[in-house]
Amino acid sequence: MRCQSTIAKPVTLRGIGLHGGEEVSLTVEPADADMGIVFVRTDLEGAPEVLVRHAAVVERSRHTVLKAGSAEVHTVEHFLAAAVALKIDNLRVKIDAAELPAAGGCSREYFALLSQAGLVDQKIPRKTFTLDQAITVEDG
């Protein structure tokens, strides 16, 4: 059994959004077990939260967008890839713009940032999904 994990301390990355070109500050903080990964739009009134869930995905071309109410978070795929690679389950990610920093156009900077924060075992079993039959997806 593998336990859930988060980071040991907050870390910050500043940069420019890849598609929108807007300056953004991203601060990643530890989160409680079973929280998952949550983006917090600190630039919007009430600091709305956008949870990383399949139901939050909005169809857009050339980047991934998550949405909750009127709050959107753009270009999350490289950050989430780094979190998955490090097996991090729970994070609170504060951003002050709609799009995450480009971070060199890959997950390397995010991987380094999260690694620098250190990992913490949360002593709560990780929720897993087991695929027990083949799934086929076809287009056309």
# chains A, B, ... in the order shown; residues from 1 in each chain; ligands from 1
call {"tool": "residues_around", "arguments": {"residues": "range 8-11 of chain A", "least_positions_apart": "3", "cutoff": "8 Å", "atoms": "only C-alpha atoms", "output": "list in words"}}
result
Thr27, Val28, Glu29, Pro30, Leu113, Leu114, Gln116, Ala117, Gly118, Leu119 and Val120 of chain A
call {"tool": "write_last_selection", "arguments": {"atoms": "all heavy atoms", "output": "compact mmCIF listing (two decimals), in the first residue's frame"}}
result
# COMPACT_ATOMS: atom_id res chain seq x y z
N THR A 27 2.49 29.81 -6.60
CA THR A 27 3.02 29.34 -5.32
C THR A 27 2.35 28.02 -4.99
O THR A 27 1.12 27.94 -4.93
CB THR A 27 2.76 30.36 -4.20
OG1 THR A 27 3.44 31.58 -4.52
CG2 THR A 27 3.30 29.84 -2.86
N VAL A 28 3.16 26.99 -4.80
CA VAL A 28 2.66 25.66 -4.48
C VAL A 28 2.84 25.44 -2.99
O VAL A 28 3.93 25.64 -2.45
CB VAL A 28 3.41 24.58 -5.28
CG1 VAL A 28 2.74 23.22 -5.09
CG2 VAL A 28 3.50 24.93 -6.75
N GLU A 29 1.75 25.03 -2.34
CA GLU A 29 1.77 24.81 -0.90
C GLU A 29 1.36 23.38 -0.57
O GLU A 29 0.64 22.74 -1.35
CB GLU A 29 0.78 25.77 -0.21
CG GLU A 29 1.10 27.23 -0.43
CD GLU A 29 0.05 28.14 0.16
OE1 GLU A 29 -1.07 27.69 0.46
OE2 GLU A 29 0.37 29.34 0.31
N PRO A 30 1.79 22.88 0.60
CA PRO A 30 1.32 21.56 1.04
C PRO A 30 -0.20 21.58 1.19
O PRO A 30 -0.80 22.63 1.43
CB PRO A 30 1.99 21.39 2.41
CG PRO A 30 3.12 22.36 2.43
CD PRO A 30 2.71 23.50 1.56
N LEU A 113 11.08 22.30 -9.23
CA LEU A 113 10.45 23.11 -8.20
C LEU A 113 9.82 22.24 -7.11
O LEU A 113 10.05 22.45 -5.92
CB LEU A 113 9.37 24.00 -8.83
CG LEU A 113 8.61 24.93 -7.90
CD1 LEU A 113 9.50 26.11 -7.51
CD2 LEU A 113 7.33 25.41 -8.55
N LEU A 114 9.05 21.24 -7.52
CA LEU A 114 8.39 20.35 -6.56
C LEU A 114 9.41 19.50 -5.80
O LEU A 114 9.26 19.26 -4.60
CB LEU A 114 7.36 19.49 -7.26
CG LEU A 114 6.16 20.24 -7.86
CD1 LEU A 114 5.32 19.31 -8.72
CD2 LEU A 114 5.33 20.89 -6.77
N GLN A 116 12.45 20.43 -5.06
CA GLN A 116 13.08 21.36 -4.13
C GLN A 116 12.23 21.52 -2.86
O GLN A 116 12.77 21.72 -1.77
CB GLN A 116 13.25 22.72 -4.82
CG GLN A 116 13.70 23.84 -3.95
CD GLN A 116 13.58 25.19 -4.65
OE1 GLN A 116 13.36 25.27 -5.86
NE2 GLN A 116 13.70 26.25 -3.90
N ALA A 117 10.91 21.42 -2.99
CA ALA A 117 10.01 21.57 -1.85
C ALA A 117 10.09 20.39 -0.90
O ALA A 117 9.72 20.49 0.26
CB ALA A 117 8.57 21.75 -2.34
N GLY A 118 10.56 19.25 -1.38
CA GLY A 118 10.61 18.04 -0.57
C GLY A 118 9.26 17.36 -0.51
O GLY A 118 8.22 18.00 -0.64
N LEU A 119 9.27 16.05 -0.34
CA LEU A 119 8.03 15.28 -0.31
C LEU A 119 7.75 14.79 1.10
O LEU A 119 8.67 14.46 1.85
CB LEU A 119 8.12 14.10 -1.26
CG LEU A 119 8.38 14.43 -2.73
CD1 LEU A 119 8.43 13.17 -3.56
CD2 LEU A 119 7.34 15.38 -3.26
N VAL A 120 6.46 14.73 1.44
CA VAL A 120 6.02 14.30 2.77
C VAL A 120 5.00 13.18 2.61
O VAL A 120 4.01 13.34 1.91
CB VAL A 120 5.39 15.47 3.55
CG1 VAL A 120 4.81 14.99 4.87
CG2 VAL A 120 6.40 16.57 3.77
call {"tool": "residues_around", "arguments": {"residues": "range 85-91 of chain A", "least_positions_apart": "5", "cutoff": "9 Å", "atoms": "only C-alpha atoms", "output": "list in words"}}
result
Gln4, Ser5, Thr6, Ile7, Val28, Glu29, Pro30, Ala31, Asp32, Ala33, Asp34, Met35, Gly36, Ile37, Val38, Phe39, Leu80, Phe111, Leu114, Ser115, Leu119, Val120 and Arg126 of chain A
call {"tool": "residues_around", "arguments": {"residues": "Tyr110 in chain A", "least_positions_apart": "3", "cutoff": "10 Å", "atoms": "only C-alpha atoms", "output": "PyMOL selection string"}}
result
chain A and resi 13+78-83+101-104+106-107+113-116
call {"tool": "closest_residue", "arguments": {"among": "A:Ala47, A:Ala112, A:Ile135, A:Ile124", "to": "Gly69 in chain A", "atoms": "only C-alpha atoms"}}
result
A:Ala47
call {"tool": "closest_residue", "arguments": {"among": "A:Pro125, A:Arg60, A:Gly17, A:Glu49", "to": "Arg92 in chain A", "atoms": "only C-alpha atoms"}}
result
A:Glu49
call {"tool": "residues_around", "arguments": {"residues": "Thr42 in chain A", "least_positions_apart": "2", "cutoff": "6 Å", "atoms": "only C-alpha atoms", "output": "MDAnalysis selection string"}}
result
chainID A and resid 40 44 47 95:96
call {"tool": "atom_distance", "arguments": {"atom1": "CA of Val52 in chain A", "atom2": "CA of Glu99 in chain A"}}
result
14.6 Å
call {"tool": "closest_residue", "arguments": {"among": "A:Ser61, A:Gln122, A:Ser25, A:Thr128", "to": "Cys3 in chain A", "atoms": "only C-alpha atoms"}}
result
A:Gln122
call {"tool": "atom_distance", "arguments": {"atom1": "CA of Pro48 in chain A", "atom2": "CA of Ala98 in chain A"}}
result
11.7 Å
call {"tool": "residues_around", "arguments": {"residues": "His63 in chain A", "least_positions_apart": "6", "cutoff": "8 Å", "atoms": "only C-alpha atoms", "output": "list in words"}}
result
His74, Thr75, Val76 and Glu77 of chain A
call {"tool": "write_last_selection", "arguments": {"atoms": "C-alpha atoms", "output": "short mmCIF file (atom, residue, chain, number, x, y, z; two decimals), in the first residue's frame"}}
result
data_model
loop_
_atom_site.label_atom_id
_atom_site.label_comp_id
_atom_site.auth_asym_id
_atom_site.auth_seq_id
_atom_site.Cartn_x
_atom_site.Cartn_y
_atom_site.Cartn_z
CA HIS A 74 -4.94 27.35 -18.43
CA THR A 75 -1.99 25.24 -19.56
CA VAL A 76 -1.84 22.92 -16.55
CA GLU A 77 -0.52 19.82 -18.31
#
call {"tool": "atom_distance", "arguments": {"atom1": "CA of Val24 in chain A", "atom2": "CA of Ala97 in chain A"}}
result
5.5 Å
call {"tool": "select_by_dssp", "arguments": {"residues": "range 53-137 of chain A", "states": "alpha helix (DSSP H)", "output": "PyMOL selection string"}}
result
chain A and resi 77-85+108-117
call {"tool": "write_last_selection", "arguments": {"atoms": "N, CA, C and O atoms", "output": "PDB file, in the first residue's frame"}}
result
ATOM      1  N   GLU A  77      -1.003  21.168 -18.036  1.00  0.00           N
ATOM      2  CA  GLU A  77      -0.524  19.819 -18.313  1.00  0.00           C
ATOM      3  C   GLU A  77       0.915  19.547 -17.873  1.00  0.00           C
ATOM      4  O   GLU A  77       1.216  18.471 -17.369  1.00  0.00           O
ATOM      5  N   HIS A  78       1.829  20.509 -18.031  1.00  0.00           N
ATOM      6  CA  HIS A  78       3.220  20.254 -17.642  1.00  0.00           C
ATOM      7  C   HIS A  78       3.375  20.231 -16.129  1.00  0.00           C
ATOM      8  O   HIS A  78       4.124  19.408 -15.581  1.00  0.00           O
ATOM      9  N   PHE A  79       2.650  21.092 -15.434  1.00  0.00           N
ATOM     10  CA  PHE A  79       2.681  21.069 -13.970  1.00  0.00           C
ATOM     11  C   PHE A  79       2.141  19.746 -13.447  1.00  0.00           C
ATOM     12  O   PHE A  79       2.747  19.110 -12.583  1.00  0.00           O
ATOM     13  N   LEU A  80       1.002  19.324 -13.970  1.00  0.00           N
ATOM     14  CA  LEU A  80       0.391  18.077 -13.499  1.00  0.00           C
ATOM     15  C   LEU A  80       1.257  16.864 -13.835  1.00  0.00           C
ATOM     16  O   LEU A  80       1.324  15.920 -13.049  1.00  0.00           O
ATOM     17  N   ALA A  81       1.937  16.898 -14.977  1.00  0.00           N
ATOM     18  CA  ALA A  81       2.842  15.793 -15.325  1.00  0.00           C
ATOM     19  C   ALA A  81       3.959  15.671 -14.295  1.00  0.00           C
ATOM     20  O   ALA A  81       4.325  14.564 -13.890  1.00  0.00           O
ATOM     21  N   ALA A  82       4.492  16.799 -13.840  1.00  0.00           N
ATOM     22  CA  ALA A  82       5.551  16.776 -12.822  1.00  0.00           C
ATOM     23  C   ALA A  82       5.022  16.216 -11.509  1.00  0.00           C
ATOM     24  O   ALA A  82       5.691  15.412 -10.851  1.00  0.00           O
ATOM     25  N   ALA A  83       3.824  16.626 -11.118  1.00  0.00           N
ATOM     26  CA  ALA A  83       3.235  16.123  -9.873  1.00  0.00           C
ATOM     27  C   ALA A  83       3.012  14.613  -9.944  1.00  0.00           C
ATOM     28  O   ALA A  83       3.302  13.888  -8.990  1.00  0.00           O
ATOM     29  N   VAL A  84       2.532  14.137 -11.075  1.00  0.00           N
ATOM     30  CA  VAL A  84       2.313  12.695 -11.249  1.00  0.00           C
ATOM     31  C   VAL A  84       3.640  11.947 -11.232  1.00  0.00           C
ATOM     32  O   VAL A  84       3.766  10.905 -10.599  1.00  0.00           O
ATOM     33  N   ALA A  85       4.646  12.486 -11.912  1.00  0.00           N
ATOM     34  CA  ALA A  85       5.956  11.833 -11.950  1.00  0.00           C
ATOM     35  C   ALA A  85       6.544  11.689 -10.546  1.00  0.00           C
ATOM     36  O   ALA A  85       7.201  10.686 -10.244  1.00  0.00           O
ATOM     37  N   ARG A 108      10.054  20.007 -16.863  1.00  0.00           N
ATOM     38  CA  ARG A 108      11.341  19.955 -16.156  1.00  0.00           C
ATOM     39  C   ARG A 108      11.431  20.974 -15.005  1.00  0.00           C
ATOM     40  O   ARG A 108      11.828  20.639 -13.898  1.00  0.00           O
ATOM     41  N   GLU A 109      11.054  22.239 -15.265  1.00  0.00           N
ATOM     42  CA  GLU A 109      11.138  23.264 -14.210  1.00  0.00           C
ATOM     43  C   GLU A 109      10.160  22.969 -13.075  1.00  0.00           C
ATOM     44  O   GLU A 109      10.470  23.200 -11.910  1.00  0.00           O
ATOM     45  N   TYR A 110       8.982  22.481 -13.422  1.00  0.00           N
ATOM     46  CA  TYR A 110       8.010  22.122 -12.388  1.00  0.00           C
ATOM     47  C   TYR A 110       8.494  20.934 -11.565  1.00  0.00           C
ATOM     48  O   TYR A 110       8.335  20.905 -10.346  1.00  0.00           O
ATOM     49  N   PHE A 111       9.106  19.974 -12.230  1.00  0.00           N
ATOM     50  CA  PHE A 111       9.669  18.808 -11.531  1.00  0.00           C
ATOM     51  C   PHE A 111      10.733  19.272 -10.531  1.00  0.00           C
ATOM     52  O   PHE A 111      10.743  18.851  -9.379  1.00  0.00           O
ATOM     53  N   ALA A 112      11.618  20.168 -10.979  1.00  0.00           N
ATOM     54  CA  ALA A 112      12.676  20.684 -10.110  1.00  0.00           C
ATOM     55  C   ALA A 112      12.085  21.489  -8.951  1.00  0.00           C
ATOM     56  O   ALA A 112      12.535  21.361  -7.806  1.00  0.00           O
ATOM     57  N   LEU A 113      11.083  22.300  -9.230  1.00  0.00           N
ATOM     58  CA  LEU A 113      10.449  23.114  -8.196  1.00  0.00           C
ATOM     59  C   LEU A 113       9.824  22.238  -7.111  1.00  0.00           C
ATOM     60  O   LEU A 113      10.046  22.453  -5.916  1.00  0.00           O
ATOM     61  N   LEU A 114       9.054  21.241  -7.517  1.00  0.00           N
ATOM     62  CA  LEU A 114       8.394  20.355  -6.558  1.00  0.00           C
ATOM     63  C   LEU A 114       9.415  19.500  -5.805  1.00  0.00           C
ATOM     64  O   LEU A 114       9.259  19.255  -4.604  1.00  0.00           O
ATOM     65  N   SER A 115      10.460  19.079  -6.485  1.00  0.00           N
ATOM     66  CA  SER A 115      11.521  18.307  -5.819  1.00  0.00           C
ATOM     67  C   SER A 115      12.213  19.149  -4.753  1.00  0.00           C
ATOM     68  O   SER A 115      12.524  18.668  -3.661  1.00  0.00           O
ATOM     69  N   GLN A 116      12.447  20.431  -5.062  1.00  0.00           N
ATOM     70  CA  GLN A 116      13.082  21.360  -4.128  1.00  0.00           C
ATOM     71  C   GLN A 116      12.234  21.525  -2.863  1.00  0.00           C
ATOM     72  O   GLN A 116      12.772  21.716  -1.772  1.00  0.00           O
ATOM     73  N   ALA A 117      10.913  21.422  -2.993  1.00  0.00           N
ATOM     74  CA  ALA A 117      10.012  21.575  -1.848  1.00  0.00           C
ATOM     75  C   ALA A 117      10.090  20.385  -0.898  1.00  0.00           C
ATOM     76  O   ALA A 117       9.717  20.495   0.260  1.00  0.00           O
TER      77      ALA A 117
END
call {"tool": "closest_residue", "arguments": {"among": "A:Ala134, A:Leu100, A:Met1, A:Ala71", "to": "Leu18 in chain A", "atoms": "only C-alpha atoms"}}
result
A:Leu100
call {"tool": "decode", "arguments": {"residues": "range 60-78 of chain A", "atoms": "N, CA, C and O atoms", "output": "short mmCIF file (atom, residue, chain, number, x, y, z; two decimals), in the first residue's frame"}}
result
data_model
loop_
_atom_site.label_atom_id
_atom_site.label_comp_id
_atom_site.auth_asym_id
_atom_site.auth_seq_id
_atom_site.Cartn_x
_atom_site.Cartn_y
_atom_site.Cartn_z
N ARG A 60 -10.43 22.98 -25.33
CA ARG A 60 -9.72 24.09 -25.96
C ARG A 60 -8.65 23.50 -26.87
O ARG A 60 -8.15 22.42 -26.61
N SER A 61 -8.29 24.22 -27.88
CA SER A 61 -7.24 23.70 -28.76
C SER A 61 -5.87 24.09 -28.21
O SER A 61 -5.68 25.17 -27.67
N ARG A 62 -4.95 23.17 -28.29
CA ARG A 62 -3.53 23.35 -28.01
C ARG A 62 -3.13 23.53 -26.55
O ARG A 62 -1.97 23.76 -26.25
N HIS A 63 -4.07 23.43 -25.61
CA HIS A 63 -3.70 23.43 -24.19
C HIS A 63 -4.88 22.95 -23.36
O HIS A 63 -6.01 22.93 -23.81
N THR A 64 -4.57 22.55 -22.13
CA THR A 64 -5.60 22.02 -21.23
C THR A 64 -6.10 23.13 -20.32
O THR A 64 -5.30 23.87 -19.74
N VAL A 65 -7.41 23.22 -20.18
CA VAL A 65 -8.04 24.23 -19.33
C VAL A 65 -8.95 23.53 -18.32
O VAL A 65 -9.70 22.63 -18.68
N LEU A 66 -8.86 23.95 -17.06
CA LEU A 66 -9.75 23.48 -16.01
C LEU A 66 -10.63 24.65 -15.61
O LEU A 66 -10.16 25.80 -15.56
N LYS A 67 -11.91 24.36 -15.30
CA LYS A 67 -12.85 25.44 -14.99
C LYS A 67 -13.76 25.06 -13.84
O LYS A 67 -14.21 23.91 -13.74
N ALA A 68 -14.02 26.04 -12.97
CA ALA A 68 -15.01 25.91 -11.90
C ALA A 68 -15.75 27.24 -11.84
O ALA A 68 -15.14 28.28 -11.55
N GLY A 69 -17.05 27.24 -12.14
CA GLY A 69 -17.79 28.49 -12.23
C GLY A 69 -17.20 29.34 -13.34
O GLY A 69 -16.99 28.86 -14.45
N SER A 70 -16.87 30.59 -13.02
CA SER A 70 -16.26 31.45 -14.04
C SER A 70 -14.74 31.45 -13.97
O SER A 70 -14.07 32.08 -14.79
N ALA A 71 -14.16 30.75 -12.99
CA ALA A 71 -12.70 30.70 -12.84
C ALA A 71 -12.11 29.61 -13.73
O ALA A 71 -12.57 28.48 -13.74
N GLU A 72 -11.09 29.99 -14.49
CA GLU A 72 -10.38 29.04 -15.36
C GLU A 72 -8.89 29.04 -15.02
O GLU A 72 -8.35 30.05 -14.58
N VAL A 73 -8.26 27.89 -15.27
CA VAL A 73 -6.81 27.75 -15.13
C VAL A 73 -6.33 27.10 -16.43
O VAL A 73 -6.77 26.02 -16.79
N HIS A 74 -5.40 27.78 -17.11
CA HIS A 74 -4.94 27.35 -18.43
C HIS A 74 -3.54 26.75 -18.38
O HIS A 74 -2.71 27.14 -17.58
N THR A 75 -3.30 25.84 -19.30
CA THR A 75 -1.99 25.24 -19.56
C THR A 75 -1.43 24.56 -18.31
O THR A 75 -0.33 24.84 -17.85
N VAL A 76 -2.20 23.62 -17.79
CA VAL A 76 -1.84 22.92 -16.55
C VAL A 76 -1.08 21.62 -16.79
O VAL A 76 -0.57 21.02 -15.84
N GLU A 77 -1.00 21.17 -18.04
CA GLU A 77 -0.52 19.82 -18.31
C GLU A 77 0.91 19.55 -17.87
O GLU A 77 1.22 18.47 -17.37
N HIS A 78 1.83 20.51 -18.03
CA HIS A 78 3.22 20.25 -17.64
C HIS A 78 3.37 20.23 -16.13
O HIS A 78 4.12 19.41 -15.58
#
